[in-house]
Amino acid sequence: MPLPFLTADGVADEHEDEALPHDDHDRWRRPYRPGPCRVAIAALLLLLTAFMLLATMIIAFAGAWGGAVVCLAAALAVLGATLRLLLAGVWVSRTGLRHVAFFRTRSIPWSAVDGIRTVQQPVRWLGLPRTVQGQALTLSTHDGAAAPVLLTDHNADFLARGEAFERAADVVGAWAEEYRADEYAAVPA
């Protein structure tokens, strides 16, 4: 990625047109950046994990091995929860769409996707039971199964970032259109 403000006289690097190593459509990628709420919560949980690991070390040096093991297990549980929180969201690849929630992951191939659209409906505020009126990116499948709401404008990634939600919804829709069209083009008539 060229950073013209780091080069002399704003001249871009000669490798500007080369694809980045992660520009592989077969790999799962999140088509948007995690929101500031999600990152702030994760940072606080990582700070808590650091303190718990420090406490584990102090307890182990004191010779209370049972307490150290319990404290280490609790720190690893908080670390695992933090990593899962950071992975939550919508991921796309050439093969399909993956909806990662805190406790569940669901992958849907593009061939099963009937459509993706943005609708006005009551949505959960930061995933809590409280609902507010907002926008949601929904998915419909050919078999008519109830698919989860993929994104909302009031989740941890898009709270108070309406434009970012619109861009993410457009990007997910563009991936769906491109790879659903590829699926239909591959089927002989």
# chains A, B, ... in the order shown; residues from 1 in each chain; ligands from 1
>>> residues_around(residues="stretch 111-115 of chain A", least_positions_apart="4", cutoff="8 Å", atoms="only C-alpha atoms", output="PyMOL selection string")
chain A and resi 96+139-143+176+180+183
>>> select_by_dssp(residues="stretch 8-145 of chain A", states="helix (DSSP H, G or I)", output="ChimeraX atom specification")
/A:8-10,36-62,65-87,110-112
>>> closest_residue(among="A:Leu128, A:Ala88, A:Ala75, A:Ala164", to="A:Arg38", atoms="only C-alpha atoms")
A:Ala88
>>> select_by_dssp(residues="stretch 87-146 of chain A", states="strand (DSSP E or B)", output="ChimeraX atom specification")
/A:89-92,96-100,105-109,113-124,131-141
>>> residues_around(residues="A:Trp175", least_positions_apart="4", cutoff="8 Å", atoms="only C-alpha atoms", output="list of chain:residue names")
A:Val92, A:Val171, A:Tyr179
>>> residues_around(residues="stretch 97-104 of chain A", least_positions_apart="5", cutoff="7 Å", atoms="only C-alpha atoms", output="JSON, numbers by chain")
{"A": [84, 85, 87, 88, 89, 90, 91, 92, 109, 110, 150]}
>>> closest_residue(among="A:Ile58, A:Val70, A:Leu45, A:Ala64", to="A:Leu83", atoms="only C-alpha atoms")
A:Leu45
>>> atom_distance(atom1="atom CA of A:Val149", atom2="atom CA of A:Arg161")
17.9 Å
>>> residues_around(residues="A:Asp26", least_positions_apart="2", cutoff="6 Å", atoms="only C-alpha atoms", output="short mmCIF file (atom, residue, chain, number, x, y, z; two decimals) with N, CA and C atoms, in the first residue's frame")
data_model
loop_
_atom_site.label_atom_id
_atom_site.label_comp_id
_atom_site.auth_asym_id
_atom_site.auth_seq_id
_atom_site.Cartn_x
_atom_site.Cartn_y
_atom_site.Cartn_z
N ASP A 24 -6.35 -12.14 -2.04
CA ASP A 24 -6.72 -13.46 -2.54
C ASP A 24 -8.19 -13.68 -2.23
N SER A 93 -15.81 -14.70 1.00
CA SER A 93 -14.76 -15.25 0.14
C SER A 93 -15.43 -15.65 -1.17
N ARG A 94 -14.64 -16.21 -2.05
CA ARG A 94 -15.17 -16.66 -3.33
C ARG A 94 -16.20 -17.77 -3.15
#
>>> closest_residue(among="A:Thr56, A:Thr118, A:Thr82, A:Thr131", to="A:Phe165", atoms="only C-alpha atoms")
A:Thr118
>>> residues_around(residues="A:Glu163", least_positions_apart="6", cutoff="12 Å", atoms="only C-alpha atoms", output="PyMOL selection string")
chain A and resi 32+135+153+157+169-170
>>> atom_distance(atom1="atom CA of A:Glu166", atom2="atom CA of A:Ala81")
28.1 Å
>>> closest_residue(among="A:Ile116, A:Trp65, A:Leu46, A:His25", to="A:Thr95", atoms="only C-alpha atoms")
A:His25
>>> closest_residue(among="A:Ala145, A:Ala40, A:Ala156, A:Leu53", to="A:Arg124", atoms="only C-alpha atoms")
A:Ala156
>>> closest_residue(among="A:Arg117, A:Arg27, A:Arg167, A:Arg106", to="A:Leu137", atoms="only C-alpha atoms")
A:Arg117
